[in-house]
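Novice: Following this line is coords_1.cif, made up of mmCIF, C-alpha atoms:
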data_input
#
loop_
_atom_site.label_atom_id
_atom_site.label_comp_id
_atom_site.auth_asym_id
_atom_site.auth_seq_id
_atom_site.Cartn_x
_atom_site.Cartn_y
_atom_site.Cartn_z
CA MET A 1 4.31 1.25 -3.55
CA ASN A 2 2.78 2.21 -6.82
CA THR A 3 1.57 5.12 -8.88
CA ALA A 4 0.91 5.94 -12.50
CA PRO A 5 4.00 5.97 -14.74
CA PRO A 6 5.91 9.24 -15.09
CA ASP A 7 5.90 11.37 -18.21
CA PRO A 8 9.56 11.78 -19.26
CA SER A 9 8.72 15.02 -21.07
CA GLU A 10 8.11 16.72 -17.73
CA GLY A 11 11.78 16.62 -16.77
CA PRO A 12 13.88 14.78 -14.21
CA SER A 13 13.46 17.01 -11.18
CA VAL A 14 12.36 15.35 -7.93
CA PRO A 15 10.94 17.48 -5.09
CA SER A 16 12.24 17.63 -1.56
CA TRP A 17 10.01 16.14 1.14
CA ASP A 18 11.11 18.96 3.45
CA THR A 19 8.63 21.42 1.95
CA GLU A 20 5.24 21.96 3.58
CA THR A 21 3.36 21.30 0.33
CA LEU A 22 3.36 17.68 -0.80
CA PRO A 23 3.83 17.09 -4.54
CA GLN A 24 0.89 16.17 -6.74
CA GLY A 25 0.35 14.52 -10.12
CA GLN A 26 3.38 13.50 -12.16
CA GLU A 27 5.72 15.30 -9.78
CA LYS A 28 4.52 12.93 -7.05
CA VAL A 29 4.91 9.92 -9.38
CA ARG A 30 8.57 10.68 -10.07
CA ALA A 31 9.37 11.38 -6.44
CA ILE A 32 7.66 8.25 -5.09
CA GLN A 33 9.20 5.93 -7.67
CA GLU A 34 12.71 7.26 -7.07
CA MET A 35 12.24 7.14 -3.31
CA PHE A 36 11.22 3.47 -3.26
CA ASP A 37 13.99 2.47 -5.64
CA THR A 38 16.41 4.13 -3.20
CA ILE A 39 15.14 2.60 0.06
CA ALA A 40 14.46 -0.93 -1.26
CA PRO A 41 17.69 -2.56 0.10
CA ARG A 42 16.89 -1.73 3.75
CA TYR A 43 13.10 -1.37 3.49
CA ASP A 44 12.25 -4.53 5.47
CA LEU A 45 14.77 -3.81 8.22
CA VAL A 46 13.42 -0.31 8.83
CA ASN A 47 9.82 -1.53 8.80
CA ARG A 48 10.49 -4.18 11.43
CA ILE A 49 12.30 -1.77 13.71
CA MET A 50 9.97 1.20 13.46
CA THR A 51 6.79 -0.91 13.92
CA PHE A 52 8.26 -3.23 16.58
CA ARG A 53 7.32 -6.05 14.15
CA LEU A 54 3.64 -5.13 14.34
CA ASP A 55 3.69 -4.87 10.54
CA THR A 56 3.92 -8.66 10.35
CA ARG A 57 0.84 -9.01 12.55
CA TRP A 58 -1.15 -6.51 10.46
CA ARG A 59 -0.37 -8.29 7.21
CA ARG A 60 -1.24 -11.70 8.57
CA LYS A 61 -4.55 -10.39 9.87
CA ALA A 62 -5.33 -8.91 6.46
CA VAL A 63 -4.61 -12.25 4.80
CA ARG A 64 -6.72 -14.12 7.34
CA LEU A 65 -9.68 -11.79 6.88
CA LEU A 66 -9.32 -12.02 3.11
CA ASN A 67 -10.86 -15.44 3.73
CA LEU A 68 -10.30 -17.02 0.34
CA PRO A 69 -10.09 -20.77 -0.33
CA LEU A 70 -6.93 -22.72 -1.01
CA GLY A 71 -5.56 -22.27 -4.49
CA SER A 72 -7.10 -18.83 -5.04
CA THR A 73 -5.15 -16.42 -7.24
CA VAL A 74 -4.60 -13.03 -5.62
CA LEU A 75 -2.90 -9.91 -6.93
CA ASP A 76 -0.58 -8.29 -4.42
CA LEU A 77 -0.46 -4.71 -5.67
CA ALA A 78 2.33 -2.29 -4.78
CA SER A 79 3.90 -5.50 -3.55
CA GLY A 80 7.27 -4.07 -2.54
CA THR A 81 9.65 -6.75 -1.29
CA GLY A 82 6.94 -9.42 -1.18
CA ASP A 83 5.94 -9.58 2.49
CA LEU A 84 2.24 -10.01 1.73
CA CYS A 85 3.05 -12.55 -0.98
CA ILE A 86 4.88 -14.66 1.62
CA ASP A 87 1.88 -14.52 3.95
CA LEU A 88 -0.51 -15.39 1.12
CA ARG A 89 1.55 -18.40 0.10
CA ARG A 90 1.69 -19.55 3.71
CA VAL A 91 -2.10 -20.07 3.69
CA GLY A 92 -2.18 -21.77 0.30
CA ILE A 93 -3.03 -18.79 -1.91
CA ARG A 94 -1.21 -18.12 -5.20
CA PRO A 95 0.02 -14.48 -5.21
CA LEU A 96 0.97 -12.44 -8.27
CA SER A 97 3.27 -9.55 -7.34
CA MET A 98 3.01 -6.17 -9.12
CA ASP A 99 4.83 -2.94 -8.36
CA LEU A 100 6.05 0.08 -10.30
CA SER A 101 9.39 0.25 -8.45
CA PHE A 102 12.00 -1.98 -10.07
CA GLY A 103 14.17 -1.59 -6.99
CA MET A 104 11.48 -3.05 -4.75
CA LEU A 105 10.78 -5.93 -7.15
CA ALA A 106 14.51 -6.68 -7.31
CA ALA A 107 14.52 -7.00 -3.50
CA ASP A 108 11.49 -9.33 -3.53
CA ARG A 109 12.03 -12.37 -1.27
CA SER A 110 8.77 -14.21 -1.90
CA GLY A 111 9.65 -16.16 -5.04
CA SER A 112 6.23 -15.30 -6.46
CA PRO A 113 5.70 -14.36 -10.11
CA ARG A 114 6.28 -10.62 -10.26
CA SER A 115 5.88 -7.86 -12.77
CA GLN A 116 6.70 -4.18 -13.00
CA ALA A 117 3.32 -2.61 -13.68
CA ASP A 118 1.15 0.45 -13.15
CA ILE A 119 -1.53 -0.64 -10.69
CA LEU A 120 -3.84 2.11 -11.92
CA ASN A 121 -3.91 0.30 -15.28
CA LEU A 122 -3.49 -3.39 -14.54
CA PRO A 123 -2.26 -5.60 -17.41
CA ILE A 124 -4.82 -8.37 -16.82
CA GLY A 125 -8.34 -9.15 -18.00
CA ASP A 126 -11.68 -8.38 -16.40
CA HIS A 127 -12.73 -10.57 -13.46
CA SER A 128 -9.59 -12.68 -13.86
CA VAL A 129 -8.41 -13.03 -10.23
CA ASP A 130 -10.00 -14.21 -7.00
CA GLY A 131 -8.81 -11.29 -4.93
CA ALA A 132 -6.34 -8.50 -4.34
CA THR A 133 -4.24 -7.11 -1.52
CA CYS A 134 -2.36 -3.84 -1.11
CA GLY A 135 -0.11 -3.04 1.83
CA PHE A 136 0.61 0.53 2.91
CA ALA A 137 0.56 2.12 -0.53
CA LEU A 138 -2.82 3.81 -0.96
CA ARG A 139 -1.39 7.19 0.03
CA ASN A 140 1.27 6.88 -2.67
CA LEU A 141 -1.25 6.69 -5.51
CA VAL A 142 -2.10 9.71 -7.63
CA ASP A 143 -5.73 8.60 -8.17
CA LEU A 144 -7.30 6.43 -5.49
CA SER A 145 -10.66 6.28 -7.29
CA ALA A 146 -8.98 4.88 -10.41
CA PHE A 147 -7.29 2.22 -8.30
CA PHE A 148 -10.55 1.15 -6.65
CA ASN A 149 -12.20 0.98 -10.08
CA GLU A 150 -9.37 -1.24 -11.31
CA LEU A 151 -9.95 -3.54 -8.36
CA GLY A 152 -13.62 -3.72 -9.30
CA ARG A 153 -12.67 -4.56 -12.87
CA VAL A 154 -10.15 -7.35 -12.29
CA VAL A 155 -11.60 -9.11 -9.21
CA ARG A 156 -14.23 -11.73 -10.05
CA PRO A 157 -17.73 -11.52 -8.55
CA GLY A 158 -17.52 -12.95 -5.05
CA GLY A 159 -13.78 -12.26 -4.88
CA ARG A 160 -12.24 -10.42 -1.95
CA ILE A 161 -9.90 -7.49 -1.30
CA ALA A 162 -7.86 -6.43 1.74
CA LEU A 163 -6.21 -3.00 1.77
CA LEU A 164 -3.84 -1.84 4.53
CA ASP A 165 -2.45 1.59 5.22
CA VAL A 166 -1.40 3.88 8.03
CA GLY A 167 -4.23 5.48 9.96
CA ILE A 168 -5.15 8.31 12.30
CA PRO A 169 -6.35 6.96 15.67
CA HIS A 170 -9.75 8.13 16.92
CA ASN A 171 -8.64 8.09 20.56
CA ARG A 172 -7.07 11.46 21.36
CA LEU A 173 -4.42 10.04 23.69
CA ILE A 174 -3.32 7.37 21.20
CA ARG A 175 -3.40 9.97 18.42
CA PHE A 176 -1.18 12.31 20.44
CA GLY A 177 1.37 9.59 21.23
CA ASN A 178 1.36 8.27 17.68
CA GLY A 179 1.82 11.80 16.36
CA ILE A 180 5.00 12.22 18.39
CA TYR A 181 6.39 8.79 17.51
CA PHE A 182 5.37 8.83 13.84
CA GLY A 183 6.24 12.48 13.29
CA LYS A 184 9.46 12.80 15.28
CA ILE A 185 11.03 9.42 16.06
CA VAL A 186 10.28 7.40 12.91
CA PRO A 187 12.05 9.92 10.63
CA LYS A 188 15.14 9.67 12.84
CA ILE A 189 15.13 5.87 12.74
CA GLY A 190 14.69 5.89 8.97
CA GLY A 191 17.37 8.53 8.59
CA TRP A 192 19.91 6.52 10.58
CA LEU A 193 19.23 3.24 8.78
CA SER A 194 18.21 4.32 5.29
CA ASP A 195 17.34 7.48 3.36
CA PRO A 196 16.45 10.48 5.58
CA ALA A 197 14.28 12.21 2.97
CA ALA A 198 12.11 9.11 2.47
CA TYR A 199 11.28 8.84 6.13
CA ARG A 200 10.58 12.54 6.45
CA TYR A 201 7.95 11.90 3.79
CA LEU A 202 6.33 9.03 5.69
CA PRO A 203 4.48 11.00 8.44
CA LYS A 204 3.50 13.70 5.96
CA SER A 205 2.07 11.18 3.50
CA VAL A 206 -0.99 10.51 5.68
CA ALA A 207 -2.34 13.82 4.37
CA TYR A 208 -2.80 12.18 0.95
CA LEU A 209 -5.46 9.81 2.34
CA PRO A 210 -9.12 10.88 2.24
CA PRO A 211 -11.29 10.33 5.35
CA ARG A 212 -12.33 6.73 5.87
CA ASP A 213 -15.99 7.40 5.05
CA GLU A 214 -15.00 8.84 1.69
CA MET A 215 -12.71 5.91 0.90
CA LEU A 216 -15.46 3.45 1.78
CA ARG A 217 -17.97 5.31 -0.39
CA VAL A 218 -15.67 5.22 -3.42
CA LEU A 219 -14.85 1.56 -2.82
CA GLN A 220 -18.54 0.71 -2.61
CA GLU A 221 -19.23 2.59 -5.83
CA ALA A 222 -16.42 0.59 -7.49
CA GLY A 223 -18.34 -2.65 -6.87
CA PHE A 224 -17.59 -3.61 -3.26
CA SER A 225 -20.88 -2.65 -1.66
CA ASP A 226 -20.14 -4.50 1.60
CA ALA A 227 -16.80 -2.71 2.14
CA THR A 228 -15.86 -2.22 5.78
CA HIS A 229 -13.21 -0.26 7.64
CA HIS A 230 -11.25 -1.52 10.65
CA GLN A 231 -8.79 0.17 12.99
CA LEU A 232 -5.81 -1.97 13.98
CA SER A 233 -3.55 -1.43 17.01
CA GLY A 234 -5.65 1.45 18.28
CA GLY A 235 -6.00 3.01 14.85
CA ILE A 236 -2.36 3.54 13.90
CA THR A 237 -3.12 1.23 10.98
CA GLN A 238 -6.33 0.88 8.98
CA LEU A 239 -7.68 -2.10 7.05
CA MET A 240 -10.43 -2.06 4.43
CA LEU A 241 -12.12 -5.29 3.36
CA GLY A 242 -14.67 -5.96 0.67
CA THR A 243 -16.34 -8.58 -1.52
CA ARG A 244 -16.87 -7.97 -5.24
CA ASP A 245 -20.57 -7.68 -5.98
CA GLN A 246 -22.19 -10.56 -7.84
#
Turn this file's structure into structure tokens for me.

Specialist:
Amino acid sequence: MNTAPPDPSEGPSVPSWDTETLPQGQEKVRAIQEMFDTIAPRYDLVNRIMTFRLDTRWRRKAVRLLNLPLGSTVLDLASGTGDLCIDLRRVGIRPLSMDLSFGMLAADRSGSPRSQADILNLPIGDHSVDGATCGFALRNLVDLSAFFNELGRVVRPGGRIALLDVGIPHNRLIRFGNGIYFGKIVPKIGGWLSDPAAYRYLPKSVAYLPPRDEMLRVLQEAGFSDATHHQLSGGITQLMLGTRDQ
């Protein structure tokens, strides 16, 4: 999870996810940050249950397709509790964990170096890492174009990125079934095990994501001209891969 930092002058109010209109701008920033701080203690448990552990398969595939050599340094952005960092370390890659939510960083299990940071304004130099990953956080950002541009700035030429998020299946039957499960059942599971409001947000948050063609176009313009889009598990999850232009 990550966003731009909130502006304290705008007040402490946090919106309800029960409204039809999703928050934007700094209102979204405050709501997202508070939500992830709240759900951090049981975040992994809920993920495993509601995805039937498919989330572990998706992350490992992303790391495999990142296809970087041993010893590479990779930023895991919106790193949460460190699941992707664990998978990166397993294949001999050195992850650096960054997230805006202190609660999520406090629950990190990876043992990787970690930092509370705004991933729209990364505190590292140009072309200073070999790659970057981001797991299921694109829809939580207030400016996706700014994030892609930051990736283009910090990843060295020839470096690689792998970006995961929820998706909308192309197949109508899968889309219908996923809509029922994601929209009706997942919020109940999350409500029983963690924070009900957070998991009412989850199915609605897909609306924040632009169409895949638009995301690919912006990613290509940010310096990843070979960027590709992949549907995983019938399209309930999407994965974007790219190599930084030379």

Novice: So, counting all atoms listed in the file, which residue among A:Lys188, A:Arg30, A:Arg89, A:Arg172 is closest to Gly111 (chain A)?

Specialist: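 Under the stated criterion, the closest residue is A:Arg89.
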
Novice: What are the closest atom pairs, with distances in Å to one decimal, for all residues of region 14-126 of chain A lying within 12 Å of region 143-162 of chain A? Consider only C-alpha atoms, order rows by chain and residue number, and present the result as a Markdown table.

Specialist:
| residue | atom | partner | partner_atom | distance |
| --- | --- | --- | --- | --- |
| A:Gln24 | CA | A:Asp143 | CA | 10.2 |
| A:Gly25 | CA | A:Asp143 | CA | 8.7 |
| A:Gln26 | CA | A:Asp143 | CA | 11.1 |
| A:Lys28 | CA | A:Asp143 | CA | 11.2 |
| A:Val29 | CA | A:Asp143 | CA | 10.8 |
| A:Trp58 | CA | A:Ala162 | CA | 11.0 |
| A:Arg59 | CA | A:Ala162 | CA | 9.5 |
| A:Arg60 | CA | A:Ala162 | CA | 10.9 |
| A:Lys61 | CA | A:Ala162 | CA | 9.6 |
| A:Ala62 | CA | A:Ala162 | CA | 5.9 |
| A:Val63 | CA | A:Ala162 | CA | 7.3 |
| A:Arg64 | CA | A:Ala162 | CA | 9.6 |
| A:Leu65 | CA | A:Ala162 | CA | 7.6 |
| A:Leu66 | CA | A:Ala162 | CA | 5.9 |
| A:Asn67 | CA | A:Arg160 | CA | 7.7 |
| A:Leu68 | CA | A:Arg160 | CA | 7.3 |
| A:Pro69 | CA | A:Gly159 | CA | 10.3 |
| A:Ser72 | CA | A:Gly159 | CA | 9.4 |
| A:Thr73 | CA | A:Gly159 | CA | 9.9 |
| A:Val74 | CA | A:Val155 | CA | 8.8 |
| A:Leu75 | CA | A:Val155 | CA | 9.0 |
| A:Asp76 | CA | A:Ala162 | CA | 9.7 |
| A:Leu77 | CA | A:Leu151 | CA | 9.9 |
| A:Ala78 | CA | A:Phe147 | CA | 11.2 |
| A:Leu84 | CA | A:Ala162 | CA | 10.7 |
| A:Leu88 | CA | A:Ala162 | CA | 11.6 |
| A:Asp118 | CA | A:Phe147 | CA | 9.9 |
| A:Ile119 | CA | A:Phe147 | CA | 6.9 |
| A:Leu120 | CA | A:Phe147 | CA | 5.0 |
| A:Asn121 | CA | A:Glu150 | CA | 6.9 |
| A:Leu122 | CA | A:Glu150 | CA | 7.0 |
| A:Pro123 | CA | A:Val154 | CA | 9.6 |
| A:Ile124 | CA | A:Val154 | CA | 7.1 |
| A:Gly125 | CA | A:Val154 | CA | 6.3 |
| A:Asp126 | CA | A:Val154 | CA | 4.5 |

Novice: Residue by residue, what does the PyMOL selection byres ((chain A and resi 198) around 12) grab here? Present the result as JSON, numbers by chain.

Specialist: {"A": [15, 16, 17, 18, 31, 32, 33, 34, 35, 36, 37, 38, 39, 40, 42, 43, 46, 186, 187, 188, 189, 190, 191, 192, 193, 194, 195, 196, 197, 199, 200, 201, 202, 203, 204, 205]}

Novice: For the residues in the current selection, export C-alpha atoms as a PDB file, in the coordinates of the input.

Specialist:
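The resulting file, again.pdb, is shown below:
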ATOM      1  CA  PRO A  15      10.940  17.480  -5.090  1.00  0.00           C
ATOM      2  CA  SER A  16      12.240  17.630  -1.560  1.00  0.00           C
ATOM      3  CA  TRP A  17      10.010  16.140   1.140  1.00  0.00           C
ATOM      4  CA  ASP A  18      11.110  18.960   3.450  1.00  0.00           C
ATOM      5  CA  ALA A  31       9.370  11.380  -6.440  1.00  0.00           C
ATOM      6  CA  ILE A  32       7.660   8.250  -5.090  1.00  0.00           C
ATOM      7  CA  GLN A  33       9.200   5.930  -7.670  1.00  0.00           C
ATOM      8  CA  GLU A  34      12.710   7.260  -7.070  1.00  0.00           C
ATOM      9  CA  MET A  35      12.240   7.140  -3.310  1.00  0.00           C
ATOM     10  CA  PHE A  36      11.220   3.470  -3.260  1.00  0.00           C
ATOM     11  CA  ASP A  37      13.990   2.470  -5.640  1.00  0.00           C
ATOM     12  CA  THR A  38      16.410   4.130  -3.200  1.00  0.00           C
ATOM     13  CA  ILE A  39      15.140   2.600   0.060  1.00  0.00           C
ATOM     14  CA  ALA A  40      14.460  -0.930  -1.260  1.00  0.00           C
ATOM     15  CA  ARG A  42      16.890  -1.730   3.750  1.00  0.00           C
ATOM     16  CA  TYR A  43      13.100  -1.370   3.490  1.00  0.00           C
ATOM     17  CA  VAL A  46      13.420  -0.310   8.830  1.00  0.00           C
ATOM     18  CA  VAL A 186      10.280   7.400  12.910  1.00  0.00           C
ATOM     19  CA  PRO A 187      12.050   9.920  10.630  1.00  0.00           C
ATOM     20  CA  LYS A 188      15.140   9.670  12.840  1.00  0.00           C
ATOM     21  CA  ILE A 189      15.130   5.870  12.740  1.00  0.00           C
ATOM     22  CA  GLY A 190      14.690   5.890   8.970  1.00  0.00           C
ATOM     23  CA  GLY A 191      17.370   8.530   8.590  1.00  0.00           C
ATOM     24  CA  TRP A 192      19.910   6.520  10.580  1.00  0.00           C
ATOM     25  CA  LEU A 193      19.230   3.240   8.780  1.00  0.00           C
ATOM     26  CA  SER A 194      18.210   4.320   5.290  1.00  0.00           C
ATOM     27  CA  ASP A 195      17.340   7.480   3.360  1.00  0.00           C
ATOM     28  CA  PRO A 196      16.450  10.480   5.580  1.00  0.00           C
ATOM     29  CA  ALA A 197      14.280  12.210   2.970  1.00  0.00           C
ATOM     30  CA  TYR A 199      11.280   8.840   6.130  1.00  0.00           C
ATOM     31  CA  ARG A 200      10.580  12.540   6.450  1.00  0.00           C
ATOM     32  CA  TYR A 201       7.950  11.900   3.790  1.00  0.00           C
ATOM     33  CA  LEU A 202       6.330   9.030   5.690  1.00  0.00           C
ATOM     34  CA  PRO A 203       4.480  11.000   8.440  1.00  0.00           C
ATOM     35  CA  LYS A 204       3.500  13.700   5.960  1.00  0.00           C
ATOM     36  CA  SER A 205       2.070  11.180   3.500  1.00  0.00           C
TER      37      SER A 205
END

Novice: Exactly which residues make up the result of the PyMOL selection byres ((chain A and resi 138) around 9) on this file, given as a list of chain:residue names?

Specialist: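 For this structure, the PyMOL selection byres ((chain A and resi 138) around 9) resolves to A:Met1, A:Asn2, A:Ala78, A:Cys134, A:Gly135, A:Phe136, A:Ala137, A:Arg139, A:Asn140, A:Leu141, A:Val142, A:Leu144, A:Phe147, A:Leu163, A:Leu164, A:Asp165, A:Tyr208, A:Leu209.
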
Novice: Would you work out the distance separating CA of Tyr181 (chain A) from CA of Leu54 (chain A), expressed in Å to one decimal?

Specialist: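 These two atoms are separated by 14.5 Å.
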
Novice: To one decimal place, how far is CA of Gln116 (chain A) from CA of Gly82 (chain A) in Å?

Specialist: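 Calculated distance between CA of Gln116 (chain A) and CA of Gly82 (chain A) is 12.9 Å.
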
Novice: Applied to this file, what does the PyMOL selection byres ((chain A and resi 226) around 12) return in terms of residues, put as a ChimeraX atom specification?

Specialist: /A:158-161,216-225,227-229,240-246

Novice: Mind pulling up the distance from CA of Glu214 (chain A) to CA of Gly167 (chain A)?

Specialist: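 Taking CA of Gly167 (chain A) and CA of Glu214 (chain A), their separation equals 14.0 Å.
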
Novice: Compare A:Leu96, A:Val91, A:Gly179, A:Ile236 by their minimum atom-to-atom distance to Ser128 (chain A), counting all atoms listed in the file, and give me the closest one.

Specialist: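 Among the listed residues, the smallest separation from Ser128 (chain A) belongs to A:Leu96.
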
Novice: Quick one: everything within 7 Å of Ser112 (chain A), counting only C-alpha atoms, minus sequence neighbours fewer than 5 positions away in the same chain. Send it as a PyMOL selection string.

Specialist: chain A and resi 85+95-97

Novice: Env of Arg109 (chain A): 12 Å cut, atoms = all atoms listed in the file, seq-sep filter 4 positions within chain, self excluded. Answer as a VMD selection string.

Specialist: chain A and resid 40 to 41 44 79 to 87 97 104 to 105 113 to 114
